[in-house]
Amino acid sequence: MDLLIALCVVAAVLLLGLASAPSAAGDRRRGERGSWFATLVEHHHRRLRAARLHVDARTFTLACLASPPLLLLAGLILGSPVVAAGGCLAGLALPRLYLDALVRAQRRRTEAEAPRLLQILVAALAAGRTYLEALVEARTRITDRCLRDDLDHLIAQFHLDVPLERSIAEVRAATAGRNLALVWDNLAICIGHRIPASRAQGLLGEIASTVQFNTQVQQEVHARTSGQRLQIWLLAAIVPGLFLYLRLVDRDFFAVLDGTLTGRLLLLPAAVCLEVLGVVLSFRVSRVEP
């Protein structure tokens with residue numbers, strides 16, 4: 001009966017995930033999308049590029065598909081339906097949460113460098129330099145490693161006779177931050193329409209105030225929510241702290257939890273799952289995207 005309940009829970013979670021998953025192609029026709037596996041690989045490829053992970057998208061997709069049933073089987077071998085269901089849910093959610101965390105971290109780093117990049121480009125173009133010379137100047141003065149890699153890619157592609165606007169479009173596709181994406185979009189438009197560097201300097205100068213304002217808002221929001229995130233960690237530490245304290249003070253208090261199959265295989269794994277779920281939901285509720 002426990003095995004049947006666990007399988008029903010897993011099936012319900014899988015059906016819910018499939019029903020609530022966003023469409024990957026939008027208004028494209030089914031023939032243009034290709035197979036669902038190719039669509040999933042392409043989605044993971046974009047996310048891995050945004051997270052700056054040099055991992056094969058196909059291998060990562062196969063690992064994501066294989067981890068839920070493997071964790072489910074491991075939980076059933078241990079004899080706990082709760083562990084099996086929790087392992088399956090972890091296999092479904094952890095890869096996505098891991099990528100989202102890396103993308104958010106990458107976005108924070110690049111967004112902080114966007115005003116500096118824009119300032120360097122505007123100053124270089126105002127001094128009469130070409131677009132390539134402005135990008136080379138930015139490469140020598142930018143401190144963010146990932147942004148330097150993007151600039152290296154642009155310069156190397158130009159020397160291979162690839163148009164700058166095409167290389168910028170490739171870099172733009174892997175950019176997670178909206179401020180840096182705004183810089184790349186306007187720079188690609190200027191280069192693609194053969195706008196003189198002197199006029200492009202004025203256009204990029206116009207968006208400098210917008211980028212600076214967006215960066216200040218993001219920094220203010222991050223500062224205001226840092227205290228809330230600290231409170232979430234403190235509240236999350238209270239429950240395991242009380243558990244360890246009571247176990248050290250009086251071991252007989254947990255006689256039912258330690259001495260019965262229900263306690264070891266149901267109550268304790270359920271408590272761990274609820275604790276982790278509470279922390280994840282708290283962070284998602286408190287997240288503010290400026």
# chains A, B, ... in the order shown; residues from 1 in each chain; ligands from 1
>>> residues_around(residues="Pro69 in chain A", least_positions_apart="6", cutoff="9 Å", atoms="only C-alpha atoms", output="number ranges by chain")
A: 87-88, 91
>>> residues_around(residues="range 179-190 of chain A", least_positions_apart="6", cutoff="8 Å", atoms="only C-alpha atoms", output="compact mmCIF listing (two decimals) with all heavy atoms, in the first residue's frame")
# COMPACT_ATOMS: atom_id res chain seq x y z
N THR A 110 27.09 41.04 -13.89
CA THR A 110 27.15 41.79 -15.14
C THR A 110 26.39 43.10 -15.07
O THR A 110 26.79 44.08 -15.71
CB THR A 110 26.59 40.93 -16.30
OG1 THR A 110 25.26 40.51 -15.96
CG2 THR A 110 27.46 39.72 -16.53
N GLU A 111 25.30 43.13 -14.31
CA GLU A 111 24.55 44.37 -14.18
C GLU A 111 25.38 45.45 -13.50
O GLU A 111 25.25 46.64 -13.81
CB GLU A 111 23.27 44.13 -13.39
CG GLU A 111 22.22 43.30 -14.11
CD GLU A 111 21.66 43.99 -15.34
OE1 GLU A 111 22.29 43.88 -16.41
OE2 GLU A 111 20.62 44.63 -15.24
N ALA A 114 27.58 46.98 -16.22
CA ALA A 114 26.95 47.60 -17.39
C ALA A 114 27.18 49.11 -17.46
O ALA A 114 27.54 49.62 -18.53
CB ALA A 114 25.46 47.28 -17.40
N LEU A 118 29.27 50.92 -20.54
CA LEU A 118 28.66 51.97 -21.35
C LEU A 118 29.47 53.26 -21.28
O LEU A 118 29.65 53.95 -22.30
CB LEU A 118 27.23 52.22 -20.86
CG LEU A 118 26.35 53.13 -21.70
CD1 LEU A 118 26.25 52.62 -23.13
CD2 LEU A 118 24.96 53.24 -21.08
N LEU A 164 30.34 42.44 -36.82
CA LEU A 164 30.22 42.72 -35.40
C LEU A 164 28.79 42.56 -34.90
O LEU A 164 28.56 42.06 -33.79
CB LEU A 164 30.72 44.14 -35.11
CG LEU A 164 32.19 44.30 -34.72
CD1 LEU A 164 32.53 45.76 -34.51
CD2 LEU A 164 32.53 43.48 -33.49
N GLU A 165 27.82 42.99 -35.73
CA GLU A 165 26.43 42.90 -35.27
C GLU A 165 26.00 41.45 -35.06
O GLU A 165 25.21 41.15 -34.17
CB GLU A 165 25.49 43.60 -36.25
CG GLU A 165 25.49 43.05 -37.67
CD GLU A 165 26.52 43.74 -38.55
OE1 GLU A 165 27.47 44.33 -38.01
OE2 GLU A 165 26.36 43.68 -39.79
N ARG A 166 26.55 40.52 -35.89
CA ARG A 166 26.21 39.12 -35.71
C ARG A 166 26.85 38.57 -34.43
O ARG A 166 26.21 37.81 -33.68
CB ARG A 166 26.68 38.32 -36.91
CG ARG A 166 26.25 36.85 -36.89
CD ARG A 166 26.82 36.10 -38.07
NE ARG A 166 26.44 36.71 -39.33
CZ ARG A 166 26.90 36.32 -40.51
NH1 ARG A 166 27.77 35.31 -40.57
NH2 ARG A 166 26.50 36.91 -41.62
N ILE A 168 27.65 40.32 -31.80
CA ILE A 168 26.96 40.93 -30.66
C ILE A 168 25.63 40.23 -30.41
O ILE A 168 25.21 40.06 -29.26
CB ILE A 168 26.77 42.44 -30.92
CG1 ILE A 168 28.12 43.15 -30.88
CG2 ILE A 168 25.83 43.06 -29.89
CD1 ILE A 168 28.05 44.62 -31.22
N ALA A 169 24.94 39.81 -31.48
CA ALA A 169 23.68 39.08 -31.31
C ALA A 169 23.91 37.75 -30.59
O ALA A 169 23.09 37.34 -29.75
CB ALA A 169 23.03 38.84 -32.67
N ARG A 172 24.53 38.65 -27.02
CA ARG A 172 23.26 39.12 -26.43
C ARG A 172 22.38 37.94 -26.02
O ARG A 172 21.68 38.00 -25.00
CB ARG A 172 22.54 40.00 -27.45
CG ARG A 172 21.07 40.31 -27.13
CD ARG A 172 20.96 41.17 -25.87
NE ARG A 172 19.60 41.52 -25.62
CZ ARG A 172 18.73 40.76 -24.94
NH1 ARG A 172 19.13 39.58 -24.46
NH2 ARG A 172 17.50 41.16 -24.72
N PRO A 196 27.31 56.35 -38.01
CA PRO A 196 28.66 56.82 -37.65
C PRO A 196 28.89 56.77 -36.15
O PRO A 196 27.96 56.92 -35.34
CB PRO A 196 28.69 58.25 -38.19
CG PRO A 196 27.65 58.29 -39.26
CD PRO A 196 26.57 57.35 -38.82
N ALA A 200 26.52 57.48 -32.86
CA ALA A 200 26.27 56.39 -31.91
C ALA A 200 26.66 56.78 -30.50
O ALA A 200 26.04 56.33 -29.53
CB ALA A 200 27.04 55.15 -32.35
N LEU A 204 24.18 56.17 -27.35
CA LEU A 204 24.57 55.41 -26.17
C LEU A 204 24.61 56.30 -24.93
O LEU A 204 24.33 55.85 -23.82
CB LEU A 204 25.94 54.76 -26.40
CG LEU A 204 26.00 53.68 -27.47
CD1 LEU A 204 27.42 53.18 -27.66
CD2 LEU A 204 25.08 52.52 -27.13
N VAL A 211 20.38 53.21 -17.73
CA VAL A 211 21.14 52.09 -17.18
C VAL A 211 21.58 52.40 -15.75
O VAL A 211 21.50 51.55 -14.85
CB VAL A 211 22.34 51.77 -18.08
CG1 VAL A 211 23.26 50.74 -17.42
CG2 VAL A 211 21.87 51.26 -19.43
N ASN A 214 18.55 52.09 -13.44
CA ASN A 214 18.19 50.69 -13.20
C ASN A 214 19.17 50.02 -12.25
O ASN A 214 18.77 49.24 -11.38
CB ASN A 214 18.18 49.94 -14.54
CG ASN A 214 17.05 50.37 -15.45
OD1 ASN A 214 16.07 50.94 -14.99
ND2 ASN A 214 17.19 50.11 -16.73
N THR A 215 20.45 50.34 -12.38
CA THR A 215 21.44 49.75 -11.48
C THR A 215 21.24 50.21 -10.05
O THR A 215 21.34 49.41 -9.10
CB THR A 215 22.85 50.12 -11.96
OG1 THR A 215 23.03 49.69 -13.32
CG2 THR A 215 23.91 49.45 -11.11
>>> select_by_dssp(residues="range 107-177 of chain A", states="alpha helix (DSSP H)", output="short mmCIF file (atom, residue, chain, number, x, y, z; two decimals) with N, CA, C and O atoms, in the first residue's frame")
data_model
loop_
_atom_site.label_atom_id
_atom_site.label_comp_id
_atom_site.auth_asym_id
_atom_site.auth_seq_id
_atom_site.Cartn_x
_atom_site.Cartn_y
_atom_site.Cartn_z
N ARG A 107 23.71 37.53 -13.39
CA ARG A 107 23.03 38.78 -13.69
C ARG A 107 23.48 39.89 -12.76
O ARG A 107 23.69 41.03 -13.20
N ARG A 108 23.64 39.57 -11.48
CA ARG A 108 24.08 40.61 -10.54
C ARG A 108 25.48 41.11 -10.88
O ARG A 108 25.76 42.32 -10.79
N ARG A 109 26.36 40.21 -11.27
CA ARG A 109 27.73 40.62 -11.59
C ARG A 109 27.78 41.48 -12.85
O ARG A 109 28.45 42.51 -12.88
N THR A 110 27.09 41.04 -13.89
CA THR A 110 27.15 41.79 -15.14
C THR A 110 26.39 43.10 -15.07
O THR A 110 26.79 44.08 -15.71
N GLU A 111 25.30 43.13 -14.31
CA GLU A 111 24.55 44.37 -14.18
C GLU A 111 25.38 45.45 -13.50
O GLU A 111 25.25 46.64 -13.81
N ALA A 112 26.24 45.04 -12.57
CA ALA A 112 27.09 46.02 -11.91
C ALA A 112 28.13 46.60 -12.85
O ALA A 112 28.60 47.73 -12.66
N GLU A 113 28.51 45.83 -13.91
CA GLU A 113 29.51 46.30 -14.86
C GLU A 113 28.90 47.03 -16.05
O GLU A 113 29.63 47.64 -16.84
N ALA A 114 27.58 46.98 -16.22
CA ALA A 114 26.95 47.60 -17.39
C ALA A 114 27.18 49.11 -17.46
O ALA A 114 27.54 49.62 -18.53
N PRO A 115 27.01 49.88 -16.37
CA PRO A 115 27.28 51.32 -16.46
C PRO A 115 28.73 51.63 -16.82
O PRO A 115 29.00 52.56 -17.58
N ARG A 116 29.66 50.84 -16.27
CA ARG A 116 31.08 51.07 -16.57
C ARG A 116 31.37 50.77 -18.04
O ARG A 116 32.10 51.53 -18.71
N LEU A 117 30.82 49.68 -18.57
CA LEU A 117 31.02 49.35 -19.98
C LEU A 117 30.46 50.45 -20.87
O LEU A 117 31.11 50.88 -21.84
N LEU A 118 29.27 50.92 -20.54
CA LEU A 118 28.66 51.97 -21.35
C LEU A 118 29.47 53.26 -21.28
O LEU A 118 29.65 53.95 -22.30
N GLN A 119 29.98 53.58 -20.11
CA GLN A 119 30.80 54.79 -19.96
C GLN A 119 32.08 54.69 -20.80
O GLN A 119 32.49 55.67 -21.45
N ILE A 120 32.72 53.53 -20.81
CA ILE A 120 33.95 53.35 -21.60
C ILE A 120 33.65 53.47 -23.09
O ILE A 120 34.39 54.11 -23.85
N LEU A 121 32.56 52.84 -23.54
CA LEU A 121 32.21 52.90 -24.95
C LEU A 121 31.90 54.33 -25.40
O LEU A 121 32.34 54.78 -26.47
N VAL A 122 31.14 55.05 -24.58
CA VAL A 122 30.79 56.43 -24.93
C VAL A 122 32.04 57.30 -24.99
O VAL A 122 32.21 58.11 -25.91
N ALA A 123 32.94 57.14 -24.01
CA ALA A 123 34.16 57.94 -24.00
C ALA A 123 35.05 57.62 -25.19
O ALA A 123 35.64 58.52 -25.81
N ALA A 124 35.14 56.34 -25.54
CA ALA A 124 35.98 55.96 -26.68
C ALA A 124 35.41 56.47 -28.00
O ALA A 124 36.14 56.96 -28.86
N LEU A 125 34.10 56.36 -28.17
CA LEU A 125 33.47 56.86 -29.39
C LEU A 125 33.54 58.38 -29.48
O LEU A 125 33.71 58.94 -30.58
N ALA A 126 33.44 59.06 -28.35
CA ALA A 126 33.54 60.52 -28.35
C ALA A 126 34.95 60.97 -28.71
O ALA A 126 35.14 62.08 -29.23
N TYR A 131 34.17 51.47 -33.70
CA TYR A 131 33.47 50.54 -32.80
C TYR A 131 34.42 49.46 -32.28
O TYR A 131 34.40 49.12 -31.08
N LEU A 132 35.27 48.92 -33.16
CA LEU A 132 36.20 47.88 -32.73
C LEU A 132 37.19 48.43 -31.72
O LEU A 132 37.48 47.77 -30.71
N GLU A 133 37.70 49.62 -31.96
CA GLU A 133 38.66 50.21 -31.01
C GLU A 133 37.99 50.50 -29.67
O GLU A 133 38.63 50.35 -28.61
N ALA A 134 36.72 50.86 -29.69
CA ALA A 134 36.00 51.08 -28.43
C ALA A 134 35.83 49.77 -27.67
O ALA A 134 35.97 49.74 -26.43
N LEU A 135 35.55 48.69 -28.38
CA LEU A 135 35.43 47.40 -27.71
C LEU A 135 36.77 46.92 -27.17
O LEU A 135 36.82 46.32 -26.07
N VAL A 136 37.84 47.17 -27.90
CA VAL A 136 39.17 46.81 -27.40
C VAL A 136 39.51 47.60 -26.15
O VAL A 136 40.08 47.07 -25.17
N GLU A 137 39.17 48.88 -26.15
CA GLU A 137 39.40 49.71 -24.96
C GLU A 137 38.60 49.20 -23.77
O GLU A 137 39.10 49.14 -22.64
N ALA A 138 37.35 48.81 -24.02
CA ALA A 138 36.53 48.26 -22.93
C ALA A 138 37.12 46.95 -22.42
O ALA A 138 37.07 46.66 -21.21
N ARG A 139 37.68 46.15 -23.32
CA ARG A 139 38.28 44.88 -22.90
C ARG A 139 39.44 45.09 -21.94
O ARG A 139 39.63 44.30 -20.99
N THR A 140 40.20 46.12 -22.11
CA THR A 140 41.36 46.35 -21.25
C THR A 140 40.99 46.94 -19.90
O THR A 140 41.79 46.89 -18.96
N ARG A 141 39.78 47.48 -19.77
CA ARG A 141 39.42 48.19 -18.54
C ARG A 141 38.31 47.53 -17.75
O ARG A 141 38.04 47.93 -16.62
N ARG A 145 35.13 38.93 -15.33
CA ARG A 145 35.76 37.92 -16.18
C ARG A 145 34.84 37.50 -17.32
O ARG A 145 35.28 37.37 -18.48
N CYS A 146 33.57 37.29 -17.04
CA CYS A 146 32.64 36.84 -18.08
C CYS A 146 32.44 37.92 -19.13
O CYS A 146 32.35 37.62 -20.34
N LEU A 147 32.37 39.18 -18.71
CA LEU A 147 32.22 40.25 -19.68
C LEU A 147 33.47 40.40 -20.53
O LEU A 147 33.40 40.69 -21.74
N ARG A 148 34.65 40.19 -19.94
CA ARG A 148 35.88 40.21 -20.72
C ARG A 148 35.90 39.08 -21.75
O ARG A 148 36.36 39.26 -22.87
N ASP A 149 35.37 37.92 -21.37
CA ASP A 149 35.29 36.81 -22.32
C ASP A 149 34.37 37.16 -23.49
O ASP A 149 34.67 36.81 -24.65
N ASP A 150 33.27 37.85 -23.21
CA ASP A 150 32.38 38.27 -24.30
C ASP A 150 33.08 39.25 -25.24
O ASP A 150 32.94 39.15 -26.47
N LEU A 151 33.80 40.19 -24.66
CA LEU A 151 34.52 41.15 -25.50
C LEU A 151 35.63 40.47 -26.30
O LEU A 151 35.87 40.82 -27.47
N ASP A 152 36.31 39.51 -25.69
CA ASP A 152 37.31 38.74 -26.44
C ASP A 152 36.68 38.00 -27.61
O ASP A 152 37.25 37.92 -28.70
N HIS A 153 35.49 37.47 -27.38
CA HIS A 153 34.79 36.75 -28.45
C HIS A 153 34.43 37.70 -29.59
O HIS A 153 34.59 37.35 -30.77
N LEU A 154 33.97 38.90 -29.26
CA LEU A 154 33.62 39.87 -30.30
C LEU A 154 34.84 40.25 -31.13
O LEU A 154 34.78 40.32 -32.37
N ILE A 155 35.95 40.50 -30.45
CA ILE A 155 37.17 40.93 -31.16
C ILE A 155 37.71 39.79 -32.02
O ILE A 155 38.11 39.99 -33.18
N ALA A 156 37.71 38.57 -31.47
CA ALA A 156 38.21 37.42 -32.23
C ALA A 156 37.33 37.14 -33.44
O ALA A 156 37.84 36.85 -34.53
N GLN A 157 36.03 37.24 -33.29
CA GLN A 157 35.13 37.00 -34.41
C GLN A 157 35.30 38.06 -35.50
O GLN A 157 35.17 37.76 -36.69
N PHE A 158 35.56 39.28 -35.09
CA PHE A 158 35.77 40.34 -36.09
C PHE A 158 37.01 40.04 -36.93
O PHE A 158 37.01 40.25 -38.15
N HIS A 159 38.06 39.57 -36.28
CA HIS A 159 39.28 39.24 -37.02
C HIS A 159 39.10 38.01 -37.91
O HIS A 159 39.92 37.79 -38.81
N LEU A 164 30.34 42.44 -36.82
CA LEU A 164 30.22 42.72 -35.40
C LEU A 164 28.79 42.56 -34.90
O LEU A 164 28.56 42.06 -33.79
N GLU A 165 27.82 42.99 -35.73
CA GLU A 165 26.43 42.90 -35.27
C GLU A 165 26.00 41.45 -35.06
O GLU A 165 25.21 41.15 -34.17
N ARG A 166 26.55 40.52 -35.89
CA ARG A 166 26.21 39.12 -35.71
C ARG A 166 26.85 38.57 -34.43
O ARG A 166 26.21 37.81 -33.68
N SER A 167 28.08 38.94 -34.16
CA SER A 167 28.74 38.48 -32.93
C SER A 167 28.07 39.05 -31.70
O SER A 167 27.91 38.37 -30.69
N ILE A 168 27.65 40.32 -31.80
CA ILE A 168 26.96 40.93 -30.66
C ILE A 168 25.63 40.23 -30.41
O ILE A 168 25.21 40.06 -29.26
N ALA A 169 24.94 39.81 -31.48
CA ALA A 169 23.68 39.08 -31.31
C ALA A 169 23.91 37.75 -30.59
O ALA A 169 23.09 37.34 -29.75
N GLU A 170 25.03 37.08 -30.87
CA GLU A 170 25.35 35.84 -30.17
C GLU A 170 25.62 36.10 -28.69
O GLU A 170 25.15 35.35 -27.82
N VAL A 171 26.37 37.16 -28.40
CA VAL A 171 26.65 37.50 -27.00
C VAL A 171 25.37 37.94 -26.29
O VAL A 171 25.15 37.60 -25.13
N ARG A 172 24.53 38.65 -27.02
CA ARG A 172 23.26 39.12 -26.43
C ARG A 172 22.38 37.94 -26.02
O ARG A 172 21.68 38.00 -25.00
N ALA A 173 22.40 36.86 -26.79
CA ALA A 173 21.58 35.70 -26.46
C ALA A 173 21.99 35.04 -25.15
O ALA A 173 21.17 34.40 -24.49
#
>>> closest_residue(among="A:Ser282, A:Leu62, A:Leu92, A:Leu40", to="Gln228 in chain A", atoms="only C-alpha atoms")
A:Ser282
>>> closest_residue(among="A:Val285, A:Ala93, A:Ser209, A:Leu277", to="Ser67 in chain A", atoms="only C-alpha atoms")
A:Ala93
>>> residues_around(residues="Phe283 in chain A", least_positions_apart="3", cutoff="12 Å", atoms="only C-alpha atoms", output="list in words")
Leu97, Ala101, Thr225, Ser226, Gln228, Arg229, Leu230, Gln231, Ile232, Trp233, Ala236, Val276, Leu277, Gly278, Val279, Val280, Ser286, Arg287 and Val288 of chain A
>>> residues_around(residues="Arg52 in chain A", least_positions_apart="3", cutoff="8 Å", atoms="only C-alpha atoms", output="NGL selection string")
:A and (48-49 or 106 or 146)
>>> decode(residues="range 159-192 of chain A", atoms="N, CA and C atoms", output="PDB file, in the first residue's frame")
ATOM      1  N   HIS A 159      38.060  39.566 -36.283  1.00  0.00           N
ATOM      2  CA  HIS A 159      39.278  39.236 -37.018  1.00  0.00           C
ATOM      3  C   HIS A 159      39.096  38.010 -37.910  1.00  0.00           C
ATOM      4  N   LEU A 160      38.028  37.250 -37.682  1.00  0.00           N
ATOM      5  CA  LEU A 160      37.690  36.118 -38.552  1.00  0.00           C
ATOM      6  C   LEU A 160      36.662  36.512 -39.608  1.00  0.00           C
ATOM      7  N   ASP A 161      36.503  37.817 -39.823  1.00  0.00           N
ATOM      8  CA  ASP A 161      35.606  38.362 -40.846  1.00  0.00           C
ATOM      9  C   ASP A 161      34.131  38.109 -40.541  1.00  0.00           C
ATOM     10  N   VAL A 162      33.781  37.954 -39.270  1.00  0.00           N
ATOM     11  CA  VAL A 162      32.382  37.853 -38.874  1.00  0.00           C
ATOM     12  C   VAL A 162      31.885  39.254 -38.530  1.00  0.00           C
ATOM     13  N   PRO A 163      30.763  39.691 -39.087  1.00  0.00           N
ATOM     14  CA  PRO A 163      30.258  41.045 -38.778  1.00  0.00           C
ATOM     15  C   PRO A 163      30.046  41.237 -37.286  1.00  0.00           C
ATOM     16  N   LEU A 164      30.344  42.437 -36.824  1.00  0.00           N
ATOM     17  CA  LEU A 164      30.222  42.721 -35.397  1.00  0.00           C
ATOM     18  C   LEU A 164      28.792  42.560 -34.903  1.00  0.00           C
ATOM     19  N   GLU A 165      27.818  42.989 -35.729  1.00  0.00           N
ATOM     20  CA  GLU A 165      26.431  42.896 -35.272  1.00  0.00           C
ATOM     21  C   GLU A 165      26.005  41.447 -35.064  1.00  0.00           C
ATOM     22  N   ARG A 166      26.554  40.524 -35.889  1.00  0.00           N
ATOM     23  CA  ARG A 166      26.214  39.121 -35.705  1.00  0.00           C
ATOM     24  C   ARG A 166      26.851  38.565 -34.428  1.00  0.00           C
ATOM     25  N   SER A 167      28.083  38.937 -34.159  1.00  0.00           N
ATOM     26  CA  SER A 167      28.742  38.476 -32.934  1.00  0.00           C
ATOM     27  C   SER A 167      28.066  39.052 -31.701  1.00  0.00           C
ATOM     28  N   ILE A 168      27.653  40.318 -31.797  1.00  0.00           N
ATOM     29  CA  ILE A 168      26.960  40.929 -30.659  1.00  0.00           C
ATOM     30  C   ILE A 168      25.628  40.235 -30.413  1.00  0.00           C
ATOM     31  N   ALA A 169      24.938  39.812 -31.483  1.00  0.00           N
ATOM     32  CA  ALA A 169      23.683  39.078 -31.314  1.00  0.00           C
ATOM     33  C   ALA A 169      23.912  37.753 -30.588  1.00  0.00           C
ATOM     34  N   GLU A 170      25.028  37.077 -30.871  1.00  0.00           N
ATOM     35  CA  GLU A 170      25.349  35.836 -30.168  1.00  0.00           C
ATOM     36  C   GLU A 170      25.621  36.095 -28.685  1.00  0.00           C
ATOM     37  N   VAL A 171      26.365  37.159 -28.399  1.00  0.00           N
ATOM     38  CA  VAL A 171      26.648  37.497 -27.003  1.00  0.00           C
ATOM     39  C   VAL A 171      25.371  37.936 -26.289  1.00  0.00           C
ATOM     40  N   ARG A 172      24.530  38.651 -27.016  1.00  0.00           N
ATOM     41  CA  ARG A 172      23.260  39.116 -26.432  1.00  0.00           C
ATOM     42  C   ARG A 172      22.376  37.944 -26.021  1.00  0.00           C
ATOM     43  N   ALA A 173      22.400  36.857 -26.788  1.00  0.00           N
ATOM     44  CA  ALA A 173      21.576  35.695 -26.461  1.00  0.00           C
ATOM     45  C   ALA A 173      21.993  35.037 -25.154  1.00  0.00           C
ATOM     46  N   ALA A 174      23.254  35.190 -24.768  1.00  0.00           N
ATOM     47  CA  ALA A 174      23.747  34.586 -23.523  1.00  0.00           C
ATOM     48  C   ALA A 174      23.780  35.575 -22.369  1.00  0.00           C
ATOM     49  N   THR A 175      23.240  36.767 -22.567  1.00  0.00           N
ATOM     50  CA  THR A 175      23.270  37.798 -21.530  1.00  0.00           C
ATOM     51  C   THR A 175      22.032  37.682 -20.656  1.00  0.00           C
ATOM     52  N   ALA A 176      22.242  37.616 -19.337  1.00  0.00           N
ATOM     53  CA  ALA A 176      21.117  37.479 -18.413  1.00  0.00           C
ATOM     54  C   ALA A 176      20.590  38.826 -17.930  1.00  0.00           C
ATOM     55  N   GLY A 177      21.445  39.833 -17.821  1.00  0.00           N
ATOM     56  CA  GLY A 177      21.024  41.119 -17.274  1.00  0.00           C
ATOM     57  C   GLY A 177      20.364  41.997 -18.314  1.00  0.00           C
ATOM     58  N   ARG A 178      19.331  42.721 -17.901  1.00  0.00           N
ATOM     59  CA  ARG A 178      18.604  43.561 -18.845  1.00  0.00           C
ATOM     60  C   ARG A 178      19.368  44.832 -19.187  1.00  0.00           C
ATOM     61  N   ASN A 179      20.160  45.361 -18.254  1.00  0.00           N
ATOM     62  CA  ASN A 179      20.920  46.579 -18.553  1.00  0.00           C
ATOM     63  C   ASN A 179      22.006  46.307 -19.586  1.00  0.00           C
ATOM     64  N   LEU A 180      22.733  45.211 -19.390  1.00  0.00           N
ATOM     65  CA  LEU A 180      23.764  44.862 -20.359  1.00  0.00           C
ATOM     66  C   LEU A 180      23.138  44.481 -21.700  1.00  0.00           C
ATOM     67  N   ALA A 181      21.981  43.838 -21.663  1.00  0.00           N
ATOM     68  CA  ALA A 181      21.281  43.524 -22.906  1.00  0.00           C
ATOM     69  C   ALA A 181      20.869  44.793 -23.642  1.00  0.00           C
ATOM     70  N   LEU A 182      20.497  45.830 -22.900  1.00  0.00           N
ATOM     71  CA  LEU A 182      20.152  47.104 -23.525  1.00  0.00           C
ATOM     72  C   LEU A 182      21.357  47.714 -24.232  1.00  0.00           C
ATOM     73  N   VAL A 183      22.516  47.597 -23.627  1.00  0.00           N
ATOM     74  CA  VAL A 183      23.739  48.110 -24.257  1.00  0.00           C
ATOM     75  C   VAL A 183      24.044  47.347 -25.535  1.00  0.00           C
ATOM     76  N   TRP A 184      23.978  46.007 -25.473  1.00  0.00           N
ATOM     77  CA  TRP A 184      24.273  45.206 -26.668  1.00  0.00           C
ATOM     78  C   TRP A 184      23.269  45.459 -27.779  1.00  0.00           C
ATOM     79  N   ASP A 185      21.994  45.600 -27.429  1.00  0.00           N
ATOM     80  CA  ASP A 185      20.969  45.832 -28.450  1.00  0.00           C
ATOM     81  C   ASP A 185      21.208  47.145 -29.193  1.00  0.00           C
ATOM     82  N   ASN A 186      21.464  48.215 -28.451  1.00  0.00           N
ATOM     83  CA  ASN A 186      21.680  49.507 -29.090  1.00  0.00           C
ATOM     84  C   ASN A 186      22.979  49.529 -29.891  1.00  0.00           C
ATOM     85  N   LEU A 187      24.005  48.858 -29.382  1.00  0.00           N
ATOM     86  CA  LEU A 187      25.265  48.811 -30.118  1.00  0.00           C
ATOM     87  C   LEU A 187      25.110  48.017 -31.414  1.00  0.00           C
ATOM     88  N   ALA A 188      24.356  46.919 -31.367  1.00  0.00           N
ATOM     89  CA  ALA A 188      24.130  46.130 -32.583  1.00  0.00           C
ATOM     90  C   ALA A 188      23.311  46.915 -33.604  1.00  0.00           C
ATOM     91  N   ILE A 189      22.341  47.700 -33.135  1.00  0.00           N
ATOM     92  CA  ILE A 189      21.540  48.514 -34.054  1.00  0.00           C
ATOM     93  C   ILE A 189      22.408  49.567 -34.736  1.00  0.00           C
ATOM     94  N   CYS A 190      23.256  50.210 -33.963  1.00  0.00           N
ATOM     95  CA  CYS A 190      24.131  51.245 -34.530  1.00  0.00           C
ATOM     96  C   CYS A 190      25.076  50.652 -35.577  1.00  0.00           C
ATOM     97  N   ILE A 191      25.664  49.496 -35.265  1.00  0.00           N
ATOM     98  CA  ILE A 191      26.602  48.883 -36.195  1.00  0.00           C
ATOM     99  C   ILE A 191      25.871  48.325 -37.410  1.00  0.00           C
ATOM    100  N   GLY A 192      24.714  47.683 -37.176  1.00  0.00           N
ATOM    101  CA  GLY A 192      23.984  47.088 -38.284  1.00  0.00           C
ATOM    102  C   GLY A 192      23.457  48.106 -39.278  1.00  0.00           C
TER     103      GLY A 192
END
